[in-house]
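Working notes for the structure below.
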Amino acid sequence: MLHIAQLARIALTEEEITRMGEQLSDLLEHFEVLQKVDTTDVPPTAQSVDLESVMREDEIKPSLSPEDVLANAPLREDDLFRVKAVLE
C-alpha cells in the first residue's frame, strides 16, 4: 500500500495505510469470488447489455423565414448575421 501511495505521490498516515490495506484486501477477496464463476459458455463482449439509442429520429419540419430569423439581429447583411471580426 505504501508503494502505491508513493507512486501516486500522496502522503498517508499510518491509520490511512492500515484502513486502505484492509479495503484492498476486501476488494481482492471479491475478485477471488468472481474468478470462481464459470464463464466457459459466455462469449466475450464489450457490453453486458444491448445498447439503445436515446436520440430521436430526425424529422423534417418547416423552417423559419430568413426575415423571422434575423428579426432581432443587431447587425445583418442580406440574409446573414453580421458579427464583429474575432481574429484580425
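If you're wondering about the labels, chains in the C-alpha cells are A, B, ... by order shown, residues count from 1 in each chain, ligands from 1 in order shown.
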Please run DSSP on the backbone and report, as a compact mmCIF listing (two decimals) with N, CA, C and O atoms, in the first residue's frame, all residues within range 46-85 of chain A that come out as strand (DSSP E or B).
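Output saved as part21.txt:
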# COMPACT_ATOMS: atom_id res chain seq x y z
N ARG A 76 -26.97 42.81 -39.62
CA ARG A 76 -27.22 41.80 -40.63
C ARG A 76 -26.73 42.30 -41.97
O ARG A 76 -26.59 43.51 -42.19
N GLU A 77 -26.45 41.37 -42.84
CA GLU A 77 -26.03 41.70 -44.19
C GLU A 77 -26.76 40.75 -45.12
O GLU A 77 -26.52 39.54 -45.10
N LEU A 80 -27.87 37.22 -43.83
CA LEU A 80 -26.84 36.68 -42.95
C LEU A 80 -26.70 37.52 -41.69
O LEU A 80 -26.99 38.71 -41.70
N PHE A 81 -26.24 36.88 -40.61
CA PHE A 81 -25.88 37.62 -39.40
C PHE A 81 -24.53 38.28 -39.66
O PHE A 81 -23.63 37.67 -40.21
Which of chain A DSSP labels alpha helix (DSSP H), written as a PyMOL selection string:
chain A and resi 2-7+14-35+66-69
Find the residues near range 51-67 of chain A: any atom within 10 Å, counting only C-alpha atoms, skip ones fewer than 4 places away on the same chain, and give them as an MDAnalysis selection string.
chainID A and resid 47 71:73 78:80
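Nearest residue to Thr18 in chain A among A:Val83, A:Met1, A:Val49, A:Leu70 is A:Met1, counting only C-alpha atoms.
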Rounded to one decimal place, report the CA of Leu2 in chain A-CA of Arg19 in chain A distance in Å.
11.9 Å
